[in-house]
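Colleague: Pasting a structure below so you can have a look.
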Amino acid sequence: MRIGILNSGGDCPGLNAVIHGVVGAATQLGWEVIGFKDGFEGLLPPGDYKVLKPQDTQGILKLGGTILGTTNKGHFAAKVGKGDIAEVPADIVAKAKRTMDQLEIRALIIVGGDGSLTTGLQLYREGWPVIGVPKTIDNDLRATAMTFGFDSAVSTVVDALDRLHTTAESHKRIMVLEVMGRHAGWIALWGGIAGGADAILLPEIPFDTEKVAEHVRQRDAQGHHSTLVVVAEGAHLPDGELATIAENAGGEVRLGGIGDIIARRLEHLTGKETRSCTLGHLQRGGAPTALDRILGTRFGVMAVKLAEEGRFGRMVSYQAYHVDSVPIEEAVNQLRLVEPEGEMVKAAKAVGICLGD
Ligand SMILES: Nc1ncnc2c1ncn2[C@@H]1O[C@H](COP(=O)(O)OP(=O)(O)OP(=O)(O)O)[C@@H](O)[C@H]1O
Ligand SMILES: O=P(O)(O)OC[C@H]1O[C@](O)(CO)[C@@H](O)[C@@H]1O
Ligand SMILES: [Mg+2]
């Protein structure tokens with residue numbers, strides 16, 4: 001038996017751990033694994049792929065990125081189909097299906113985010129043997145309590161904050177760190193708490209910059225002359241708007257710029273020298289943490305198990321310390337956001353972190 005795997009959408013630390021897990025588990029069953037390159041693009045005739053044997057995945061656990069490559073552009077860019085639902089055009093699907101048939105692929109493991117899994121759902125509904133593996137550093141999918149890549153991204157935020165602390169203290173400055181997370185504040189909240197931020201601004205909690213400025217003044221009065229502010233890229237400006245750069249190929253807006261805006265306002269309101277720093281794709285690169293290597297491995301193993309059991313149309317999911325699965329249709333387009341009254345936000349406030357509300 002032969003199965004396929006592809007990565008699609010943005011990359012994420014831990015993708016190679018999934019590939020490693022899939023190849024390891026499939027090899028034990030005597031199966032062959034085909035790795036399609038650059039997302040769904042690799043499915044287009046004549047097919048861009050490589051046969052993945054255990055020796056091809058040796059040593060990749062610790063590597064960031066993906067050995068298969070990925071894309072969020074290309075021929076599979078979803079177009080608006082029936083009832084305003086984005087669909088991949090029929091001729092593209094037909095061409096890709098030819099490759100699947102020629103290679104006799106009996107299961108296709110799609111490791112991707114919301115967009116790629118929506119495409120996966122379309123293909124499953126058209127009869128493809130699809131299995132989904134969720135991938136996002138944002139950790140914002142309702143159907144899974146944790147995704148690989150998140151812990152690595154948080155570690156990068158913590159490392160950045162550790163470094164910013166010392167320069168902020170030396171100069172008695174406010175430092176604003178803008179972090180990723182799209183419309184969810186998980187990276188900001190976890191990274192901010194672990195990195196000892198003094199203020200954390202989230203998409204889920206409307207904030208008032210004057211309240212942050214007052215927090216800075218109080219800290220100054222207590223003898224703390226530097227302040228670290230973490231702001232999520234998707235946090236809303238006081239008028240409710242998002243700070244954006246452009247639209248990307250998938251039609252999704254590219255977020256960015258809120259750190260600079262907040263820094264300028266805080267400097268104006270407090271009279272303190274303020275600098276901002278955008279962490280950007282550093283959060284997506286580099287070696288995955290041990291947790292992400294383990295999670296990626298377990299997700300890969302579960303994907304092969306689902307293939308063995310013929311349970312297609314399902315997405316691997318992590319719930320209550322167990323790796324299990326849910327129907328893909330229940331998983332896509334269901335965001336898990338920070339609860340403004342949740343225990344974690346309360347814990348942040350309890351240790352004196354200002355959320356700007
Ligand atoms: N709403 C959608 N419906 C169907 N396909 C989609 C949708 N949004 C995106 N896609 C397709 O999925 C692929 C990747 O999309 P996108 O760049 O959003 O990545 P993703 O899988 O959502 O991962 P992430 O956004 O976390 O990087 C592209 O081919 C894109 O056309
Ligand atoms: O790599 P790109 O296309 O700029 O996408 C960046 C976005 O992708 C993510 O890294 C993951 O969804 C977001 O946190 C961020 O907004
Ligand atoms: Mg997406």
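Residue numbering restarts at 1 in every chain; chains get A, B, ... in the order shown in the structure tokens, and ligands count up from 1 in that same order.
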Find the residues around region 161-174 of chain A up to 9 Å (only C-alpha atoms counted), leave out those fewer than 4 positions away in its own chain, and share them as a list of chain:residue names.
Modeller: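 My reading of the contact set: A:Thr156, A:Val157, A:Gly191, A:Gly192, A:Gly195, A:Gly196, A:Ala197, A:Val216, A:His224, A:His225, A:Ser226, A:Thr227, A:Leu228, A:Val229, A:Val230, A:Ala263, A:Leu266, A:Glu267, A:Lys272, A:Glu273, A:Thr274, A:Arg275, A:Ser276.
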Colleague: Ala94 (chain A): which residues within 12 Å, counting only C-alpha atoms, same-chain residues fewer than 6 positions away excluded, as a PyMOL selection string?
Modeller: chain A and resi 43-45+76+88+100-101+123+126-128
Colleague: For the interface of chain A with ligand 1 (cut-off 8 Å, counting only C-alpha atoms and all ligand atoms), please tabulate each contacting residue of chain A alongside its nearest pair of atoms and their separation in Å to one decimal, rows sorted by chain and increasing number, as JSON lines.
Modeller:
{"residue": "A:Ser8", "atom": "CA", "partner": "ligand 1", "partner_atom_place_in_ligand_line": "21 (O)", "distance": 5.4}
{"residue": "A:Gly9", "atom": "CA", "partner": "ligand 1", "partner_atom_place_in_ligand_line": "19 (O)", "distance": 3.2}
{"residue": "A:Gly10", "atom": "CA", "partner": "ligand 1", "partner_atom_place_in_ligand_line": "27 (O)", "distance": 3.4}
{"residue": "A:Asp11", "atom": "CA", "partner": "ligand 1", "partner_atom_place_in_ligand_line": "27 (O)", "distance": 6.7}
{"residue": "A:Gly39", "atom": "CA", "partner": "ligand 1", "partner_atom_place_in_ligand_line": "29 (O)", "distance": 7.9}
{"residue": "A:Phe40", "atom": "CA", "partner": "ligand 1", "partner_atom_place_in_ligand_line": "29 (O)", "distance": 7.1}
{"residue": "A:Thr71", "atom": "CA", "partner": "ligand 1", "partner_atom_place_in_ligand_line": "14 (C)", "distance": 6.8}
{"residue": "A:Asn72", "atom": "CA", "partner": "ligand 1", "partner_atom_place_in_ligand_line": "17 (O)", "distance": 3.8}
{"residue": "A:Lys73", "atom": "CA", "partner": "ligand 1", "partner_atom_place_in_ligand_line": "29 (O)", "distance": 5.6}
{"residue": "A:Gly74", "atom": "CA", "partner": "ligand 1", "partner_atom_place_in_ligand_line": "29 (O)", "distance": 6.6}
{"residue": "A:His75", "atom": "CA", "partner": "ligand 1", "partner_atom_place_in_ligand_line": "29 (O)", "distance": 7.2}
{"residue": "A:Phe76", "atom": "CA", "partner": "ligand 1", "partner_atom_place_in_ligand_line": "29 (O)", "distance": 4.4}
{"residue": "A:Ala77", "atom": "CA", "partner": "ligand 1", "partner_atom_place_in_ligand_line": "31 (O)", "distance": 3.0}
{"residue": "A:Ala78", "atom": "CA", "partner": "ligand 1", "partner_atom_place_in_ligand_line": "31 (O)", "distance": 4.0}
{"residue": "A:Lys79", "atom": "CA", "partner": "ligand 1", "partner_atom_place_in_ligand_line": "31 (O)", "distance": 7.5}
{"residue": "A:Ile85", "atom": "CA", "partner": "ligand 1", "partner_atom_place_in_ligand_line": "3 (N)", "distance": 6.8}
{"residue": "A:Ala86", "atom": "CA", "partner": "ligand 1", "partner_atom_place_in_ligand_line": "3 (N)", "distance": 4.4}
{"residue": "A:Glu87", "atom": "CA", "partner": "ligand 1", "partner_atom_place_in_ligand_line": "4 (C)", "distance": 5.3}
{"residue": "A:Val88", "atom": "CA", "partner": "ligand 1", "partner_atom_place_in_ligand_line": "5 (N)", "distance": 6.7}
{"residue": "A:Val111", "atom": "CA", "partner": "ligand 1", "partner_atom_place_in_ligand_line": "21 (O)", "distance": 7.9}
{"residue": "A:Gly112", "atom": "CA", "partner": "ligand 1", "partner_atom_place_in_ligand_line": "21 (O)", "distance": 4.3}
{"residue": "A:Gly113", "atom": "CA", "partner": "ligand 1", "partner_atom_place_in_ligand_line": "21 (O)", "distance": 3.2}
{"residue": "A:Asp114", "atom": "CA", "partner": "ligand 1", "partner_atom_place_in_ligand_line": "22 (O)", "distance": 4.0}
{"residue": "A:Gly115", "atom": "CA", "partner": "ligand 1", "partner_atom_place_in_ligand_line": "9 (C)", "distance": 3.3}
{"residue": "A:Ser116", "atom": "CA", "partner": "ligand 1", "partner_atom_place_in_ligand_line": "12 (O)", "distance": 3.6}
{"residue": "A:Leu117", "atom": "CA", "partner": "ligand 1", "partner_atom_place_in_ligand_line": "21 (O)", "distance": 6.3}
{"residue": "A:Thr118", "atom": "CA", "partner": "ligand 1", "partner_atom_place_in_ligand_line": "4 (C)", "distance": 4.6}
{"residue": "A:Thr119", "atom": "CA", "partner": "ligand 1", "partner_atom_place_in_ligand_line": "5 (N)", "distance": 4.3}
{"residue": "A:Gly120", "atom": "CA", "partner": "ligand 1", "partner_atom_place_in_ligand_line": "5 (N)", "distance": 7.9}
{"residue": "A:Gln122", "atom": "CA", "partner": "ligand 1", "partner_atom_place_in_ligand_line": "4 (C)", "distance": 7.6}
{"residue": "A:Lys135", "atom": "CA", "partner": "ligand 1", "partner_atom_place_in_ligand_line": "26 (O)", "distance": 6.4}
{"residue": "A:Thr136", "atom": "CA", "partner": "ligand 1", "partner_atom_place_in_ligand_line": "26 (O)", "distance": 4.9}
{"residue": "A:Ile137", "atom": "CA", "partner": "ligand 1", "partner_atom_place_in_ligand_line": "26 (O)", "distance": 7.4}
{"residue": "A:Asp138", "atom": "CA", "partner": "ligand 1", "partner_atom_place_in_ligand_line": "26 (O)", "distance": 7.6}
{"residue": "A:Ala249", "atom": "CA", "partner": "ligand 1", "partner_atom_place_in_ligand_line": "17 (O)", "distance": 7.4}
{"residue": "A:Gly250", "atom": "CA", "partner": "ligand 1", "partner_atom_place_in_ligand_line": "31 (O)", "distance": 5.1}
{"residue": "A:Gly251", "atom": "CA", "partner": "ligand 1", "partner_atom_place_in_ligand_line": "8 (N)", "distance": 7.5}
{"residue": "A:Glu252", "atom": "CA", "partner": "ligand 1", "partner_atom_place_in_ligand_line": "18 (O)", "distance": 6.8}
Colleague: So, with only C-alpha atoms and all ligand atoms as the atoms that count, which of A:Ile262, A:Leu141, A:Ile200, A:Val231 lies closest to ligand 3?
Modeller: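 Closest to ligand 3 of all the choices is A:Leu141.
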Colleague: Pick from A:Val133, A:Met180, A:Leu201, A:Ala107: nearest to Val154 (chain A), with only C-alpha atoms counted?
Modeller: A:Met180
Colleague: How many Å lie between CA of Ile60 (chain A) and atom 12 (O, counted along the ligand's line) of ligand 2, rounded to one decimal?
Modeller: 22.4 Å
Colleague: Looking only at strand (DSSP E or B) from DSSP on the backbone, list the matching residues of region 122-254 of chain A as a count of residues only.
Modeller: 27
Colleague: Using only C-alpha atoms, determine which residues lie at most 10 Å from Arg311 (chain A), disregarding the query and same-chain residues fewer than 3 positions distant; provide the list as a ChimeraX atom specification.
Modeller: /A:107,129-131,303,305-308,314-315,325,327
Colleague: Could you dump the residues just selected with all heavy atoms as an mmCIF file, in the first residue's frame?
Modeller:
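What ended up in result-v4.cif:
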data_model
loop_
_atom_site.group_PDB
_atom_site.id
_atom_site.type_symbol
_atom_site.label_atom_id
_atom_site.label_comp_id
_atom_site.auth_asym_id
_atom_site.auth_seq_id
_atom_site.Cartn_x
_atom_site.Cartn_y
_atom_site.Cartn_z
ATOM 1 N N ALA A 107 -4.221 6.826 0.651
ATOM 2 C CA ALA A 107 -4.591 7.805 1.696
ATOM 3 C C ALA A 107 -3.711 9.034 1.471
ATOM 4 O O ALA A 107 -2.530 8.892 1.154
ATOM 5 C CB ALA A 107 -4.336 7.226 3.084
ATOM 6 N N PRO A 129 -9.427 9.981 -0.376
ATOM 7 C CA PRO A 129 -9.160 9.399 0.957
ATOM 8 C C PRO A 129 -8.291 10.351 1.808
ATOM 9 O O PRO A 129 -7.103 10.121 2.006
ATOM 10 C CB PRO A 129 -8.408 8.112 0.612
ATOM 11 C CG PRO A 129 -7.692 8.449 -0.667
ATOM 12 C CD PRO A 129 -8.548 9.426 -1.428
ATOM 13 N N VAL A 130 -8.908 11.412 2.287
ATOM 14 C CA VAL A 130 -8.156 12.487 2.949
ATOM 15 C C VAL A 130 -8.106 12.311 4.470
ATOM 16 O O VAL A 130 -9.101 11.961 5.099
ATOM 17 C CB VAL A 130 -8.811 13.858 2.611
ATOM 18 C CG1 VAL A 130 -8.284 14.956 3.525
ATOM 19 C CG2 VAL A 130 -8.577 14.216 1.154
ATOM 20 N N ILE A 131 -6.927 12.579 5.021
ATOM 21 C CA ILE A 131 -6.765 12.653 6.486
ATOM 22 C C ILE A 131 -6.077 13.981 6.788
ATOM 23 O O ILE A 131 -5.089 14.336 6.132
ATOM 24 C CB ILE A 131 -5.921 11.468 6.998
ATOM 25 C CG1 ILE A 131 -6.786 10.188 6.928
ATOM 26 C CG2 ILE A 131 -5.446 11.690 8.440
ATOM 27 C CD1 ILE A 131 -5.980 8.947 6.944
ATOM 28 N N ALA A 303 -2.154 9.871 12.254
ATOM 29 C CA ALA A 303 -2.619 10.001 10.862
ATOM 30 C C ALA A 303 -2.504 8.658 10.146
ATOM 31 O O ALA A 303 -3.414 8.243 9.410
ATOM 32 C CB ALA A 303 -1.801 11.072 10.133
ATOM 33 N N LYS A 305 -2.537 5.727 11.610
ATOM 34 C CA LYS A 305 -3.536 4.828 12.228
ATOM 35 C C LYS A 305 -4.909 5.046 11.580
ATOM 36 O O LYS A 305 -5.633 4.093 11.282
ATOM 37 C CB LYS A 305 -3.586 5.099 13.735
ATOM 38 C CG LYS A 305 -4.485 4.165 14.504
ATOM 39 C CD LYS A 305 -4.135 4.175 15.993
ATOM 40 C CE LYS A 305 -4.986 3.193 16.781
ATOM 41 N NZ LYS A 305 -6.218 3.790 17.303
ATOM 42 N N LEU A 306 -5.253 6.322 11.357
ATOM 43 C CA LEU A 306 -6.545 6.625 10.722
ATOM 44 C C LEU A 306 -6.582 6.030 9.315
ATOM 45 O O LEU A 306 -7.617 5.505 8.880
ATOM 46 C CB LEU A 306 -6.776 8.145 10.672
ATOM 47 C CG LEU A 306 -7.031 8.824 12.019
ATOM 48 C CD1 LEU A 306 -7.025 10.352 11.859
ATOM 49 C CD2 LEU A 306 -8.367 8.372 12.616
ATOM 50 N N ALA A 307 -5.438 6.106 8.618
ATOM 51 C CA ALA A 307 -5.369 5.527 7.260
ATOM 52 C C ALA A 307 -5.557 4.009 7.329
ATOM 53 O O ALA A 307 -6.294 3.417 6.530
ATOM 54 C CB ALA A 307 -4.027 5.870 6.618
ATOM 55 N N GLU A 308 -4.906 3.402 8.317
ATOM 56 C CA GLU A 308 -4.996 1.939 8.469
ATOM 57 C C GLU A 308 -6.444 1.511 8.730
ATOM 58 O O GLU A 308 -6.911 0.495 8.224
ATOM 59 C CB GLU A 308 -4.097 1.511 9.642
ATOM 60 C CG GLU A 308 -3.895 0.028 9.748
ATOM 61 C CD GLU A 308 -3.116 -0.364 11.011
ATOM 62 O OE1 GLU A 308 -2.808 0.523 11.837
ATOM 63 O OE2 GLU A 308 -2.834 -1.560 11.149
ATOM 64 N N ARG A 314 -11.232 12.675 8.456
ATOM 65 C CA ARG A 314 -11.010 13.048 9.856
ATOM 66 C C ARG A 314 -9.699 13.810 10.022
ATOM 67 O O ARG A 314 -8.780 13.662 9.221
ATOM 68 C CB ARG A 314 -11.008 11.811 10.766
ATOM 69 C CG ARG A 314 -12.339 11.072 10.748
ATOM 70 C CD ARG A 314 -12.382 9.966 11.763
ATOM 71 N NE ARG A 314 -12.514 10.436 13.129
ATOM 72 C CZ ARG A 314 -13.653 10.808 13.719
ATOM 73 N NH1 ARG A 314 -14.786 10.794 13.036
ATOM 74 N NH2 ARG A 314 -13.678 11.185 14.971
ATOM 75 N N MET A 315 -9.656 14.629 11.076
ATOM 76 C CA MET A 315 -8.451 15.400 11.384
ATOM 77 C C MET A 315 -7.927 14.964 12.742
ATOM 78 O O MET A 315 -8.698 14.813 13.694
ATOM 79 C CB MET A 315 -8.786 16.903 11.427
ATOM 80 C CG MET A 315 -7.580 17.791 11.653
ATOM 81 S SD MET A 315 -8.051 19.474 12.117
ATOM 82 C CE MET A 315 -8.309 19.279 13.904
ATOM 83 N N SER A 325 -9.068 11.969 17.073
ATOM 84 C CA SER A 325 -9.433 12.599 15.800
ATOM 85 C C SER A 325 -10.869 13.109 15.848
ATOM 86 O O SER A 325 -11.669 12.674 16.680
ATOM 87 C CB SER A 325 -9.274 11.606 14.650
ATOM 88 O OG SER A 325 -10.249 10.593 14.746
ATOM 89 N N PRO A 327 -14.095 14.824 12.915
ATOM 90 C CA PRO A 327 -14.378 15.049 11.493
ATOM 91 C C PRO A 327 -13.788 16.392 11.057
ATOM 92 O O PRO A 327 -13.878 17.376 11.803
ATOM 93 C CB PRO A 327 -15.908 15.095 11.437
ATOM 94 C CG PRO A 327 -16.370 14.415 12.682
ATOM 95 C CD PRO A 327 -15.328 14.674 13.718
#
